[in-house]
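Colleague: I am sharing my_file_0.txt, which consists of compact mmCIF, C-alpha atoms and all ligand atoms:
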# COMPACT_ATOMS: atom_id res chain seq x y z
CA MET A 22 0.00 0.00 0.00
CA SER A 23 1.36 3.45 -0.85
CA ASN A 24 1.62 6.10 1.83
CA ASN A 25 -1.05 8.08 0.06
CA GLU A 26 -3.53 5.20 0.23
CA LYS A 27 -2.64 4.60 3.84
CA SER A 28 -3.26 8.20 4.86
CA LYS A 29 -6.65 8.16 3.11
CA LEU A 30 -7.60 5.10 5.10
CA THR A 31 -6.37 6.45 8.41
CA LYS A 32 -7.73 10.03 8.26
CA PHE A 33 -10.27 9.97 11.05
CA ASN A 34 -13.75 11.13 10.15
CA LEU A 35 -14.84 13.41 12.99
CA PRO A 36 -18.52 14.44 12.91
CA GLU A 37 -18.94 18.22 12.59
CA TRP A 38 -21.67 18.34 15.27
CA THR A 39 -19.04 17.59 17.91
CA PHE A 40 -17.44 21.02 17.34
CA GLU A 41 -20.84 22.65 17.54
CA PHE A 42 -21.44 20.88 20.86
CA HIS A 43 -17.96 21.66 22.21
CA GLY A 44 -18.09 25.32 21.19
CA HIS A 45 -14.69 25.89 19.60
CA ARG A 46 -12.28 24.14 17.26
CA CYS A 47 -9.37 22.83 19.30
CA PRO A 48 -7.19 19.70 19.04
CA PHE A 49 -8.22 18.14 22.34
CA MET A 50 -11.93 17.52 21.81
CA PRO A 51 -11.02 15.48 18.65
CA ILE A 52 -8.41 13.50 20.63
CA GLY A 53 -11.09 12.71 23.20
CA PHE A 54 -13.51 11.62 20.48
CA ARG A 55 -10.86 9.31 19.10
CA MET A 56 -10.10 7.98 22.59
CA GLY A 57 -13.80 7.25 23.17
CA THR A 58 -14.13 5.61 19.76
CA LEU A 59 -11.14 3.37 20.51
CA ALA A 60 -12.65 2.44 23.87
CA LEU A 61 -15.87 1.32 22.10
CA GLU A 62 -13.78 -0.81 19.75
CA LYS A 63 -11.73 -2.36 22.55
CA LEU A 64 -14.85 -3.16 24.58
CA GLY A 65 -16.72 -4.35 21.49
CA VAL A 66 -19.73 -2.12 22.09
CA GLY A 67 -21.58 0.72 20.37
CA LYS A 68 -22.37 4.22 21.61
CA SER A 69 -24.51 4.10 24.75
CA PHE A 70 -28.08 5.34 24.40
CA ASP A 71 -28.83 4.94 28.10
CA HIS A 72 -26.87 4.14 31.27
CA GLN A 73 -24.25 1.74 29.98
CA MET A 74 -20.73 3.08 29.47
CA HIS A 75 -19.13 4.64 32.54
CA VAL A 76 -16.03 6.78 32.19
CA PHE A 77 -13.55 7.67 34.92
CA SER A 78 -11.55 10.58 33.57
CA GLU A 79 -8.15 11.04 35.17
CA MET A 80 -8.03 14.66 34.04
CA GLY A 81 -8.09 17.56 36.44
CA VAL A 82 -8.77 21.28 36.30
CA GLY A 83 -6.64 24.05 34.83
CA HIS A 84 -5.15 22.19 31.86
CA PRO A 85 -6.50 22.42 28.30
CA GLN A 86 -6.70 18.65 27.79
CA GLY A 87 -9.96 18.78 29.74
CA CYS A 88 -11.59 19.58 26.37
CA MET A 89 -11.05 15.90 25.58
CA GLN A 90 -13.87 15.00 27.93
CA ASP A 91 -16.44 16.58 25.58
CA GLY A 92 -15.07 14.35 22.81
CA ILE A 93 -15.19 11.28 25.05
CA MET A 94 -18.82 12.03 25.95
CA SER A 95 -19.73 12.62 22.30
CA ALA A 96 -18.22 9.35 21.10
CA THR A 97 -19.41 7.07 23.89
CA GLY A 98 -22.71 8.60 25.01
CA ALA A 99 -21.34 8.50 28.58
CA THR A 100 -22.45 12.04 29.30
CA PHE A 101 -22.24 14.27 32.33
CA GLY A 102 -26.02 14.68 32.33
CA LYS A 103 -26.67 10.95 32.47
CA GLY A 104 -24.14 10.76 35.31
CA MET A 105 -21.84 8.50 33.31
CA ILE A 106 -18.57 10.40 33.58
CA GLU A 107 -16.58 10.96 36.75
CA LYS A 108 -13.47 13.04 37.21
CA LEU A 109 -10.65 11.55 39.28
CA ASN A 110 -8.56 14.77 39.17
CA TYR A 111 -5.22 13.01 38.83
CA GLY A 112 -4.08 15.58 36.24
CA LYS A 113 -3.27 12.83 33.73
CA VAL A 114 -4.44 12.66 30.12
CA ALA A 115 -6.15 9.32 30.53
CA ALA A 116 -9.54 7.77 31.08
CA ILE A 117 -10.92 4.42 32.22
CA PHE A 118 -13.89 2.95 30.36
CA TRP A 119 -16.20 0.42 32.03
CA TYR A 120 -19.21 -1.24 30.42
CA PRO A 121 -21.80 -3.39 32.24
CA GLY A 122 -21.43 -7.09 31.60
CA LYS A 123 -17.81 -6.75 30.47
CA LYS A 124 -15.31 -8.42 32.79
CA ASP A 125 -12.48 -6.05 31.97
CA ALA A 126 -12.29 -2.28 31.74
CA VAL A 127 -10.02 -0.37 29.41
CA ARG A 128 -7.65 2.44 30.35
CA ILE A 129 -6.41 4.71 27.58
CA PHE A 130 -3.58 7.20 28.02
CA LEU A 131 -2.53 9.86 25.53
CA LYS A 132 1.09 8.98 24.84
CA ASN A 133 3.81 11.29 26.15
CA GLU A 134 5.34 11.23 22.66
CA PHE A 135 2.16 12.58 21.08
CA GLN A 136 1.77 15.22 23.80
CA ASP A 137 5.38 16.25 23.04
CA LYS A 138 4.66 16.25 19.31
CA LEU A 139 1.77 18.70 19.70
CA ALA A 140 3.44 20.95 22.29
CA PRO A 141 5.61 23.09 19.94
CA HIS A 142 2.68 23.79 17.57
CA GLU A 143 1.83 27.43 16.84
CA PHE A 144 -1.63 26.83 18.37
CA PHE A 145 -0.06 26.81 21.85
CA LYS A 146 1.91 30.02 21.21
CA TYR A 147 -1.45 31.75 20.93
CA ARG A 148 -2.87 29.86 23.92
CA LYS A 149 0.10 30.82 26.10
CA GLN A 150 -0.55 34.48 25.26
CA GLY A 151 -4.02 33.97 26.71
CA ILE A 152 -5.79 33.83 23.34
CA GLU A 153 -8.79 31.53 23.45
CA PRO A 154 -9.11 28.83 20.74
CA SER A 155 -11.88 30.79 18.95
CA GLY A 156 -9.49 33.74 18.54
CA ILE A 157 -6.74 31.67 16.89
CA PRO A 158 -6.47 31.89 13.07
CA GLU A 159 -8.51 29.17 11.36
CA GLU A 160 -5.53 27.77 9.40
CA VAL A 161 -3.54 27.27 12.64
CA ARG A 162 -6.43 25.40 14.20
CA LYS A 163 -7.07 23.33 11.09
CA ASP A 164 -3.42 22.33 10.95
CA ILE A 165 -3.26 21.03 14.51
CA ILE A 166 -6.64 19.29 14.24
CA ASP A 167 -5.43 17.57 11.05
CA ILE A 168 -2.35 16.30 12.93
CA VAL A 169 -4.76 14.66 15.37
CA LEU A 170 -7.06 13.25 12.69
CA ASN A 171 -4.19 11.89 10.60
CA ALA A 172 -2.42 10.15 13.48
CA THR A 173 -2.86 6.43 13.97
CA ASN A 174 -4.28 5.02 17.19
CA GLU A 175 -0.81 3.61 17.91
CA GLU A 176 0.73 7.09 17.65
CA LEU A 177 -1.91 8.52 19.95
CA PHE A 178 -2.68 6.05 22.67
CA ASN A 179 -1.45 3.50 25.17
CA VAL A 180 -4.20 1.00 25.91
CA THR A 181 -4.23 -1.11 29.08
CA ILE A 182 -6.77 -3.79 29.87
CA LEU A 183 -7.85 -3.61 33.52
CA GLU A 184 -8.77 -7.22 34.26
CA ASN A 185 -11.72 -8.06 36.51
CA PHE A 186 -12.53 -4.42 37.07
CA LYS A 187 -15.17 -4.31 39.79
CA TYR A 188 -17.64 -1.51 39.66
CA THR A 189 -21.20 -1.27 40.88
CA PRO A 190 -23.01 1.77 39.52
CA VAL A 191 -25.20 3.73 41.91
CA LYS A 192 -28.79 2.52 41.68
CA GLY A 193 -31.18 5.17 40.40
CA SER A 194 -33.90 6.29 42.80
CA PHE A 195 -36.70 8.85 42.68
CA ASN A 196 -37.06 8.96 46.50
CA LYS A 197 -36.79 12.42 47.91
CA ALA A 198 -37.68 14.35 51.06
CA LYS A 199 -37.81 17.97 52.19
CA CYS A 200 -34.82 19.34 54.05
CA GLU A 201 -36.08 20.26 57.52
CA VAL A 202 -34.14 23.52 57.46
CA CYS A 203 -34.54 25.09 53.99
CA GLY A 204 -37.59 23.11 52.91
CA GLU A 205 -36.16 22.20 49.49
CA TYR A 206 -36.50 18.69 48.10
CA VAL A 207 -33.35 16.56 48.40
CA PHE A 208 -32.80 13.11 46.96
CA GLU A 209 -32.56 10.64 49.83
CA ARG A 210 -28.94 9.60 49.52
CA TYR A 211 -27.95 13.24 50.06
CA LEU A 212 -29.91 13.76 53.27
CA ARG A 213 -27.75 14.20 56.38
CA VAL A 214 -28.76 14.23 60.03
CA LYS A 215 -27.91 17.35 62.00
CA ASP A 216 -29.24 17.96 65.54
CA GLY A 217 -31.78 15.21 64.97
CA LYS A 218 -33.09 16.82 61.76
CA LYS A 219 -32.90 15.50 58.24
CA VAL A 220 -31.17 18.22 56.28
CA CYS A 221 -29.54 18.87 52.90
CA ILE A 222 -25.74 19.02 52.59
CA ALA A 223 -25.75 22.82 52.33
CA CYS A 224 -27.73 23.14 55.58
CA SER A 225 -25.69 20.43 57.33
CA GLU A 226 -22.47 22.43 56.83
CA ARG A 227 -20.80 19.16 55.93
CA GLU A 228 -18.66 18.46 52.92
CA SER A 229 -20.15 16.37 50.15
CA GLU A 230 -18.70 12.87 50.54
CA GLU A 231 -19.99 11.84 47.13
CA ALA A 232 -16.58 11.55 45.52
CA ILE A 233 -15.55 8.77 47.86
CA ILE A 234 -18.93 7.07 48.08
CA HIS A 235 -19.37 5.51 44.69
CA LEU A 236 -16.03 5.26 42.94
CA PRO A 237 -14.91 1.71 42.19
CA ASN A 238 -13.04 0.02 45.06
CA SER A 239 -10.05 -0.63 42.85
CA LEU A 240 -9.63 3.11 42.24
CA ILE A 241 -10.02 4.01 45.90
CA SER A 242 -7.40 1.49 47.04
CA LYS A 243 -5.07 2.58 44.23
CA SER A 244 -5.32 6.27 45.11
CA ALA A 245 -4.88 5.51 48.84
CA LYS A 246 -1.45 4.00 48.24
ZN ZN B 301 -11.58 22.66 23.31
ZN ZN B 302 -31.50 22.55 53.33
Can you give me the file's structure in the form of structure tokens?
Ligand SMILES: [Zn+2]
Ligand SMILES: [Zn+2]

Modeller:
Amino acid sequence: MSNNEKSKLTKFNLPEWTFEFHGHRCPFMPIGFRMGTLALEKLGVGKSFDHQMHVFSEMGVGHPQGCMQDGIMSATGATFGKGMIEKLNYGKVAAIFWYPGKKDAVRIFLKNEFQDKLAPHEFFKYRKQGIEPSGIPEEVRKDIIDIVLNATNEELFNVTILENFKYTPVKGSFNKAKCEVCGEYVFERYLRVKDGKKVCIACSERESEEAIIHLPNSLISKSAK
């Protein structure tokens, strides 16, 4: 096969609606879409219509790779609104993908080499001057996005199979009660007891423990090390 034929076969076809959803044209949302697409392939499943795929994003705050999460949600259907994506805030460009009925989960990491390959691009010269992606010249954005779309999965990602990944999703419930202080409805699992009263987290002056309540055991023990 000639290189020309190969590049035609490997140019990734990113749906235009994903940019509309994400809001701007940047390289990271497309990387996330490709990561999510690869996760579907590795797990042998299609995009989730309902509550199937769960994603544990290792990304944190304050780094531009967070844009990838919109791509991951778009590709997999594991959306924030459906409660299917969690952030672990490790500050790593990786995500874990778990699907009900599958024994193993998949962890995908954006290779250091590809991160290093993108880093010197003109796109980041603008970003470092505080210019938002929408303010960067179109040809600069197109060029960096094409680098992403023309890369092979092997150039982009490290894939690890997480064997026997145990995860029990939180069971959905419509049960709610009124907070005895502010009177607003609260879903039951979020009610706390303060001075003998059932109250919401805001009125209890307690921190939300949610982050440590429902993450998979394997992730909790790993992060505790
Ligand atoms: Zn973006
Ligand atoms: Zn309250």

Colleague: Given only C-alpha atoms and all ligand atoms, how would the per-residue table for chain A near ligand ZN 302 (chain B) read, listing every residue at most 10 Å away with its closest atom pair and distance in Å to one decimal, sorted by chain and number, as a tab-separated table?

Modeller:
residue	atom	partner	partner_atom	distance
A:Lys199	CA	B:ZN302	ZN	7.9
A:Cys200	CA	B:ZN302	ZN	4.7
A:Glu201	CA	B:ZN302	ZN	6.6
A:Val202	CA	B:ZN302	ZN	5.0
A:Cys203	CA	B:ZN302	ZN	4.0
A:Gly204	CA	B:ZN302	ZN	6.1
A:Glu205	CA	B:ZN302	ZN	6.0
A:Tyr206	CA	B:ZN302	ZN	8.2
A:Val207	CA	B:ZN302	ZN	8.0
A:Leu212	CA	B:ZN302	ZN	8.9
A:Arg213	CA	B:ZN302	ZN	9.6
A:Lys219	CA	B:ZN302	ZN	8.7
A:Val220	CA	B:ZN302	ZN	5.2
A:Cys221	CA	B:ZN302	ZN	4.2
A:Ile222	CA	B:ZN302	ZN	6.8
A:Ala223	CA	B:ZN302	ZN	5.8
A:Cys224	CA	B:ZN302	ZN	4.4
A:Ser225	CA	B:ZN302	ZN	7.4
A:Glu226	CA	B:ZN302	ZN	9.7

Colleague: Show me, as CSV, the residues of chain A having an atom within 7 Å of ligand ZN 301 (chain B), each with the closest atom pair and its distance in Å, using only C-alpha atoms and all ligand atoms.

Modeller:
residue,atom,partner,partner_atom,distance
A:His43,CA,B:ZN301,ZN,6.6
A:His45,CA,B:ZN301,ZN,5.8
A:Arg46,CA,B:ZN301,ZN,6.3
A:Cys47,CA,B:ZN301,ZN,4.6
A:Pro48,CA,B:ZN301,ZN,6.8
A:Phe49,CA,B:ZN301,ZN,5.7
A:Met50,CA,B:ZN301,ZN,5.4
A:Cys88,CA,B:ZN301,ZN,4.3

Colleague: Just give me the gap between CA of Asn185 (chain A) and CA of Ser78 (chain A) in Å, one decimal is fine.

Modeller: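 Separation of CA of Asn185 (chain A) and CA of Ser78 (chain A): 18.9 Å.
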
Colleague: Can you work out the spacing between CA of Gln73 (chain A) and CA of Met94 (chain A) in Å, to one decimal?

Modeller: 12.3 Å

Colleague: Neighbours of Lys63 (chain A) within 12 Å (all atoms listed in the file; same-chain residues fewer than 6 positions away dropped), as a PDB file with C-alpha atoms, in the frame of the given file?

Modeller:
ATOM      1  CA  MET A  56     -10.100   7.980  22.590  1.00  0.00           C
ATOM      2  CA  GLY A  57     -13.800   7.250  23.170  1.00  0.00           C
ATOM      3  CA  ILE A 117     -10.920   4.420  32.220  1.00  0.00           C
ATOM      4  CA  PHE A 118     -13.890   2.950  30.360  1.00  0.00           C
ATOM      5  CA  TRP A 119     -16.200   0.420  32.030  1.00  0.00           C
ATOM      6  CA  TYR A 120     -19.210  -1.240  30.420  1.00  0.00           C
ATOM      7  CA  LYS A 123     -17.810  -6.750  30.470  1.00  0.00           C
ATOM      8  CA  ASP A 125     -12.480  -6.050  31.970  1.00  0.00           C
ATOM      9  CA  ALA A 126     -12.290  -2.280  31.740  1.00  0.00           C
ATOM     10  CA  VAL A 127     -10.020  -0.370  29.410  1.00  0.00           C
ATOM     11  CA  ARG A 128      -7.650   2.440  30.350  1.00  0.00           C
ATOM     12  CA  ILE A 129      -6.410   4.710  27.580  1.00  0.00           C
ATOM     13  CA  ASN A 174      -4.280   5.020  17.190  1.00  0.00           C
ATOM     14  CA  VAL A 180      -4.200   1.000  25.910  1.00  0.00           C
ATOM     15  CA  THR A 181      -4.230  -1.110  29.080  1.00  0.00           C
ATOM     16  CA  ILE A 182      -6.770  -3.790  29.870  1.00  0.00           C
ATOM     17  CA  LEU A 183      -7.850  -3.610  33.520  1.00  0.00           C
TER      18      LEU A 183
END

Colleague: Have a look at A:Ile168, A:Ile157, A:Leu35, A:Val76 and name the one nearest to Leu109 (chain A); count all atoms listed in the file.

Modeller: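 For Leu109 (chain A), the nearest of the given residues is A:Val76.
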
Colleague: May I ask which of the residues A:Lys68, A:Lys103, A:Arg148, A:Lys197 is the closest one to His84 (chain A), counting only C-alpha atoms?

Modeller: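 The closest residue to His84 (chain A) is A:Arg148.
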
Colleague: Pick out the closest residue to Tyr111 (chain A) from this set: A:Gly65, A:Met80, A:Asp137, A:Leu131. Count all atoms listed in the file.

Modeller: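 Ranking A:Gly65, A:Met80, A:Asp137, A:Leu131 by distance to Tyr111 (chain A), first place goes to A:Met80.
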
Colleague: Using all atoms listed in the file, which residue out of A:Thr97, A:Leu59, A:Glu134, A:Gly112 lies closest to Asp71 (chain A)?

Modeller: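 Among the listed residues, the smallest separation from Asp71 (chain A) belongs to A:Thr97.
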
Colleague: Would you compute the distance between CA of Phe40 (chain A) and CA of Phe54 (chain A)? Give it in Å to one decimal.

Modeller: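 If I compute the distance from CA of Phe40 (chain A) to CA of Phe54 (chain A), I get 10.7 Å.
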
Colleague: Please output region 49-62 of chain A, rebuilt to include N, CA and C atoms, as a PDB file, in the coordinates of the input.

Modeller:
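Once everything was written out, this is out22.pdb:
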ATOM      1  N   PHE A  49      -8.007  19.119  21.278  1.00  0.00           N
ATOM      2  CA  PHE A  49      -8.220  18.140  22.340  1.00  0.00           C
ATOM      3  C   PHE A  49      -9.575  17.447  22.286  1.00  0.00           C
ATOM      4  N   MET A  50     -10.633  18.195  21.943  1.00  0.00           N
ATOM      5  CA  MET A  50     -11.930  17.520  21.810  1.00  0.00           C
ATOM      6  C   MET A  50     -11.814  16.376  20.789  1.00  0.00           C
ATOM      7  N   PRO A  51     -11.180  16.600  19.599  1.00  0.00           N
ATOM      8  CA  PRO A  51     -11.020  15.480  18.650  1.00  0.00           C
ATOM      9  C   PRO A  51     -10.206  14.310  19.214  1.00  0.00           C
ATOM     10  N   ILE A  52      -9.172  14.604  20.023  1.00  0.00           N
ATOM     11  CA  ILE A  52      -8.410  13.500  20.630  1.00  0.00           C
ATOM     12  C   ILE A  52      -9.330  12.692  21.546  1.00  0.00           C
ATOM     13  N   GLY A  53     -10.149  13.397  22.307  1.00  0.00           N
ATOM     14  CA  GLY A  53     -11.090  12.710  23.200  1.00  0.00           C
ATOM     15  C   GLY A  53     -12.087  11.864  22.426  1.00  0.00           C
ATOM     16  N   PHE A  54     -12.568  12.388  21.302  1.00  0.00           N
ATOM     17  CA  PHE A  54     -13.510  11.620  20.480  1.00  0.00           C
ATOM     18  C   PHE A  54     -12.847  10.348  19.967  1.00  0.00           C
ATOM     19  N   ARG A  55     -11.594  10.485  19.576  1.00  0.00           N
ATOM     20  CA  ARG A  55     -10.860   9.310  19.100  1.00  0.00           C
ATOM     21  C   ARG A  55     -10.614   8.332  20.258  1.00  0.00           C
ATOM     22  N   MET A  56     -10.314   8.850  21.426  1.00  0.00           N
ATOM     23  CA  MET A  56     -10.100   7.980  22.590  1.00  0.00           C
ATOM     24  C   MET A  56     -11.385   7.201  22.906  1.00  0.00           C
ATOM     25  N   GLY A  57     -12.509   7.898  22.898  1.00  0.00           N
ATOM     26  CA  GLY A  57     -13.800   7.250  23.170  1.00  0.00           C
ATOM     27  C   GLY A  57     -14.143   6.213  22.111  1.00  0.00           C
ATOM     28  N   THR A  58     -13.854   6.536  20.861  1.00  0.00           N
ATOM     29  CA  THR A  58     -14.130   5.610  19.760  1.00  0.00           C
ATOM     30  C   THR A  58     -13.285   4.342  19.905  1.00  0.00           C
ATOM     31  N   LEU A  59     -12.017   4.522  20.294  1.00  0.00           N
ATOM     32  CA  LEU A  59     -11.140   3.370  20.510  1.00  0.00           C
ATOM     33  C   LEU A  59     -11.623   2.520  21.680  1.00  0.00           C
ATOM     34  N   ALA A  60     -12.121   3.177  22.722  1.00  0.00           N
ATOM     35  CA  ALA A  60     -12.650   2.440  23.870  1.00  0.00           C
ATOM     36  C   ALA A  60     -13.841   1.569  23.451  1.00  0.00           C
ATOM     37  N   LEU A  61     -14.722   2.107  22.592  1.00  0.00           N
ATOM     38  CA  LEU A  61     -15.870   1.320  22.100  1.00  0.00           C
ATOM     39  C   LEU A  61     -15.369   0.093  21.353  1.00  0.00           C
ATOM     40  N   GLU A  62     -14.349   0.308  20.514  1.00  0.00           N
ATOM     41  CA  GLU A  62     -13.780  -0.810  19.750  1.00  0.00           C
ATOM     42  C   GLU A  62     -13.194  -1.864  20.668  1.00  0.00           C
TER      43      GLU A  62
END
